[in-house]
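Chemist: You'll find data30.tsv just under this line, and it carries TSV, C-alpha atoms.
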```
chain	number	residue	atom	x	y	z
O	8	MET	CA	6.19	111.39	-33.39
O	9	SER	CA	9.87	111.17	-34.36
O	10	GLU	CA	11.46	111.64	-30.93
O	11	GLN	CA	11.58	108.68	-28.58
O	12	ARG	CA	9.50	109.33	-25.49
O	13	SER	CA	10.49	107.68	-22.24
O	14	ALA	CA	8.27	106.22	-19.57
O	15	VAL	CA	8.73	104.61	-16.17
O	16	VAL	CA	6.56	101.99	-14.47
O	17	ILE	CA	6.66	101.77	-10.68
O	18	VAL	CA	5.00	98.86	-8.87
O	19	ALA	CA	4.08	99.61	-5.25
O	20	SER	CA	3.77	96.23	-3.59
O	21	THR	CA	5.43	95.00	-0.45
O	22	THR	CA	4.74	91.42	-1.57
O	23	ALA	CA	6.13	91.87	-5.09
O	24	SER	CA	9.20	93.70	-3.73
O	25	VAL	CA	10.15	90.38	-2.09
O	26	ASP	CA	8.91	88.12	-4.92
O	27	SER	CA	8.71	89.87	-8.31
O	28	ALA	CA	6.72	86.92	-9.71
O	29	ALA	CA	3.81	88.20	-7.61
O	30	ASP	CA	3.46	91.27	-9.86
O	31	ALA	CA	1.00	90.87	-12.73
O	32	THR	CA	0.48	94.57	-13.47
O	33	GLY	CA	3.91	96.09	-14.18
O	34	PRO	CA	4.60	94.03	-17.32
O	35	ALA	CA	1.12	94.81	-18.69
O	36	ILE	CA	1.65	98.55	-18.23
O	37	ARG	CA	5.13	98.36	-19.77
O	38	ALA	CA	3.79	96.49	-22.83
O	39	TRP	CA	0.97	99.03	-23.25
O	40	LEU	CA	3.43	101.93	-23.17
O	41	GLU	CA	5.81	100.22	-25.61
O	42	GLU	CA	2.92	99.62	-28.02
O	43	ARG	CA	2.43	103.40	-28.01
O	44	GLY	CA	6.06	104.15	-28.86
O	45	PHE	CA	7.50	104.81	-25.41
O	46	SER	CA	10.93	103.61	-24.36
O	47	VAL	CA	10.32	101.78	-21.08
O	48	GLY	CA	12.69	99.89	-18.83
O	49	MET	CA	11.68	97.01	-16.62
O	50	PRO	CA	9.09	97.92	-13.99
O	51	VAL	CA	10.66	99.13	-10.74
O	52	ILE	CA	9.17	97.20	-7.84
O	53	VAL	CA	9.23	98.78	-4.39
O	54	ALA	CA	7.54	98.23	-1.05
O	55	ASP	CA	4.48	100.31	-0.23
O	56	GLY	CA	4.92	103.61	1.59
O	57	PRO	CA	7.95	105.94	1.53
O	58	PRO	CA	9.92	103.81	-0.99
O	59	VAL	CA	7.25	104.75	-3.55
O	60	GLY	CA	7.90	108.46	-3.03
O	61	GLU	CA	11.67	108.00	-3.15
O	62	THR	CA	11.49	105.98	-6.37
O	63	LEU	CA	8.96	108.33	-7.95
O	64	GLY	CA	11.12	111.35	-7.10
O	65	ALA	CA	14.20	109.69	-8.60
O	66	ALA	CA	12.26	108.75	-11.74
O	67	LEU	CA	10.94	112.30	-12.16
O	68	ALA	CA	14.47	113.69	-11.87
O	69	GLU	CA	15.14	111.94	-15.21
O	70	ARG	CA	12.23	113.89	-16.77
O	71	PRO	CA	10.37	111.04	-18.50
O	72	ALA	CA	7.25	111.85	-20.49
O	73	VAL	CA	5.16	109.43	-18.40
O	74	VAL	CA	5.37	107.69	-15.03
O	75	LEU	CA	2.65	105.16	-14.25
O	76	THR	CA	2.47	103.59	-10.83
O	77	THR	CA	0.43	100.56	-9.89
O	78	GLY	CA	-0.60	99.59	-6.39
O	79	GLY	CA	-0.95	101.29	-3.05
O	80	THR	CA	-4.06	103.28	-3.99
O	81	GLY	CA	-6.55	101.49	-1.76
O	82	ILE	CA	-7.45	101.87	1.88
O	83	ALA	CA	-5.24	99.24	3.52
O	84	PRO	CA	-3.01	100.64	6.29
O	85	ASP	CA	0.12	100.48	4.12
O	86	ASP	CA	-1.49	101.91	0.95
O	87	GLY	CA	0.27	105.26	0.63
O	88	THR	CA	0.94	105.84	-3.06
O	89	PRO	CA	-1.33	108.93	-3.29
O	90	GLU	CA	0.33	110.50	-0.25
O	91	GLN	CA	3.76	109.85	-1.77
O	92	THR	CA	2.69	111.25	-5.16
O	93	GLU	CA	0.77	114.38	-4.14
O	94	PRO	CA	3.74	116.55	-3.03
O	95	LEU	CA	5.49	115.88	-6.35
O	96	LEU	CA	2.62	117.09	-8.57
O	97	ASP	CA	2.47	120.66	-9.90
O	98	VAL	CA	-0.91	120.17	-11.58
O	99	GLN	CA	-3.56	117.58	-10.74
O	100	LEU	CA	-6.01	116.07	-13.23
O	101	PRO	CA	-8.78	114.64	-11.03
O	102	GLY	CA	-11.04	113.91	-14.00
O	103	LEU	CA	-8.83	111.01	-15.04
O	104	ILE	CA	-9.19	109.33	-11.64
O	105	GLU	CA	-12.91	110.10	-11.55
O	106	GLU	CA	-13.28	108.34	-14.91
O	107	LEU	CA	-11.15	105.42	-13.72
O	108	ARG	CA	-13.44	104.96	-10.71
O	109	ARG	CA	-16.59	105.29	-12.85
O	110	LEU	CA	-15.39	102.80	-15.45
O	111	GLY	CA	-14.22	100.33	-12.81
O	112	ALA	CA	-17.43	100.56	-10.80
O	113	GLU	CA	-19.40	99.35	-13.83
O	114	HIS	CA	-18.12	95.84	-13.07
O	115	THR	CA	-16.38	96.08	-9.67
O	116	PRO	CA	-18.21	98.09	-6.99
O	117	THR	CA	-15.06	98.45	-4.87
O	118	ALA	CA	-13.38	100.44	-7.66
O	119	VAL	CA	-14.84	103.57	-6.07
O	120	LEU	CA	-12.35	103.08	-3.21
O	121	THR	CA	-9.26	103.85	-5.30
O	122	ARG	CA	-7.52	106.99	-4.10
O	123	GLY	CA	-4.97	107.41	-6.89
O	124	LEU	CA	-3.89	110.73	-8.33
O	125	ALA	CA	-3.06	111.95	-11.82
O	126	GLY	CA	-1.28	115.08	-12.93
O	127	PHE	CA	1.99	116.64	-13.98
O	128	SER	CA	5.32	117.08	-12.28
O	129	GLY	CA	6.99	119.55	-14.58
O	130	ASP	CA	6.30	118.13	-18.03
O	131	SER	CA	6.12	114.54	-16.79
O	132	PHE	CA	2.66	113.00	-16.61
O	133	VAL	CA	2.08	110.84	-13.52
O	134	MET	CA	-0.88	108.57	-12.81
O	135	ASN	CA	-1.47	106.14	-9.96
O	136	LEU	CA	-3.24	103.01	-11.17
O	137	PRO	CA	-4.76	100.40	-8.87
O	138	GLY	CA	-2.74	97.27	-8.16
O	139	SER	CA	-5.22	94.82	-9.67
O	140	PRO	CA	-5.08	93.66	-13.30
O	141	GLY	CA	-8.67	94.88	-13.80
O	142	GLY	CA	-7.89	98.28	-12.30
O	143	VAL	CA	-4.86	98.63	-14.55
O	144	ARG	CA	-6.95	97.65	-17.59
O	145	ASP	CA	-9.51	100.33	-16.67
O	146	GLY	CA	-6.82	102.95	-16.10
O	147	LEU	CA	-5.16	102.27	-19.43
O	148	ALA	CA	-8.57	102.43	-21.12
O	149	VAL	CA	-9.06	105.90	-19.63
O	150	LEU	CA	-5.63	107.02	-20.85
O	151	GLU	CA	-5.92	105.52	-24.35
O	152	PRO	CA	-7.84	108.37	-26.00
O	153	VAL	CA	-6.20	111.25	-24.12
O	154	LEU	CA	-2.54	110.47	-23.32
O	155	ASP	CA	-0.96	111.91	-26.47
O	156	HIS	CA	-3.19	114.98	-26.32
O	157	LEU	CA	-2.42	115.78	-22.71
O	158	LEU	CA	1.33	115.38	-23.30
O	159	GLU	CA	1.17	117.69	-26.33
O	160	GLN	CA	-0.96	120.22	-24.51
O	161	ARG	CA	1.46	120.32	-21.56
O	162	ARG	CA	4.29	121.07	-23.97
O	163	GLY	CA	2.16	123.90	-25.40
O	164	SER	CA	1.55	122.32	-28.79
O	165	GLY	CA	-1.84	120.71	-28.26
O	166	ASN	CA	-5.07	121.83	-29.91
O	167	HIS	CA	-7.29	123.45	-27.30
O	168	GLY	CA	-10.57	122.24	-28.73
O	169	ALA	CA	-12.25	121.12	-31.91
O	170	THR	CA	-12.58	124.68	-33.16
O	171	GLY	CA	-9.03	125.59	-32.24
O	172	THR	CA	-10.16	128.12	-29.66
O	173	ARG	CA	-8.82	128.04	-26.14
O	174	ARG	CA	-11.50	126.85	-23.76
O	175	GLY	CA	-9.51	126.56	-20.55
O	176	HIS	CA	-9.64	122.76	-20.45
```
Output the file's structure as structure tokens, nothing else.

Modeler:
Amino acid sequence: MSEQRSAVVIVASTTASVDSAADATGPAIRAWLEERGFSVGMPVIVADGPPVGETLGAALAERPAVVLTTGGTGIAPDDGTPEQTEPLLDVQLPGLIEELRRLGAEHTPTAVLTRGLAGFSGDSFVMNLPGSPGGVRDGLAVLEPVLDHLLEQRRGSGNHGATGTRRGH
């Protein structure tokens, strides 16, 4: 692809917002995106809860191709990334999160507890990844074979199936 695609990484972690050295996931996501040709700034680290929604909304106003969040998808009292993300999505893609949970549960039973969301806000793809290095690895593995396709399809230029016929998915 000749045009430079932009991406944003948001780290939802009250601990890392005070001590950025505590974040092990943001740099890994940034590196993964850069390896795939995205222009990505430094991860934005914010406390859990409403700051996630504020930062996500500001990032989406810039219309990046991709916004990946990490953290705040569990069941702790301050885990609120899905609640901050949901009102900003026009289209949800629950299959991506279902696959993330399935893949993670193969080696970590608690992976089924992740409550993240995936979908589009306008033409920007958004996905909430867990805050653990293993959860991020699983999430990126889910995205690897489909990210370019889903971005192309959202722009209206993707192939709608192996035969070229529209199948509705």

Chemist: Just the residues within 10 Å of stretch 14-29 of chain O, please, counting only C-alpha atoms, with nothing from its chain fewer than 2 positions along; format it as a ChimeraX atom specification.

Modeler: /O:11-12,31-37,40-41,44-56,58-60,62-63,66-67,69-80,85-88,131-133,135-138

Chemist: I'd like the interatomic distance between atom CA of O:Pro89 and atom CA of O:Ala65, to a tenth of an Å.

Modeler: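 Pair atom CA of O:Pro89 / atom CA of O:Ala65 returns 16.4 Å.
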
Chemist: Looking at O:Glu61, O:Asp155, O:Asp97, O:Glu105, which one is nearest to O:Gly129, with distances taken over all atoms listed in the file?

Modeler: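 Result for the nearest residue to O:Gly129: O:Asp97.
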
Chemist: Using all atoms listed in the file, which of the listed residues (O:Glu42, O:Glu151, O:Asp30, O:Glu106) sits closest to O:Leu124?

Modeler: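 Closest to O:Leu124, using all atoms listed in the file: O:Glu106.
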
Chemist: To one decimal in Å, tell me the separation between atom CA of O:Ala118 and atom CA of O:Thr92.

Modeler: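 One can read the atom CA of O:Ala118 to atom CA of O:Thr92 distance as 19.5 Å.
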
Chemist: Could you state the separation of atom CA of O:Leu100 and atom CA of O:Ala125 in Å, given to one decimal place?

Modeler: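 Atom-to-atom, atom CA of O:Leu100 to atom CA of O:Ala125, that is 5.3 Å.
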
Chemist: The centre and edge lengths of an axis-aligned box containing all atoms of stretch 85-97 of chain O present in the file, extended by 6 Å on each side, are to be given in Å to one decimal, as lines of an AutoDock Vina configuration file.

Modeler:
```
center_x = 2.0
center_y = 110.6
center_z = -2.9
size_x = 19.0
size_y = 32.2
size_z = 26.0
```

Chemist: Using only C-alpha atoms, which of O:Ala112, O:Val149, O:Leu95, O:Leu107 sits nearest O:Ser128?

Modeler: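 Closest to O:Ser128, using only C-alpha atoms: O:Leu95.
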
Chemist: So, counting all atoms listed in the file, which residue among O:Gly123, O:Gly102, O:Pro140, O:Pro116 is closest to O:Val153?

Modeler: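 For O:Val153, the nearest of the candidates is O:Gly102.
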
Chemist: May I have the residues at most 6 Å from (-11.9, 104.9, -0.2) in the file's coordinates, counting all atoms listed in the file, as a list in words?

Modeler: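 Checked against the point, the hits come out as Ile82, Leu120 and Thr121 of chain O.
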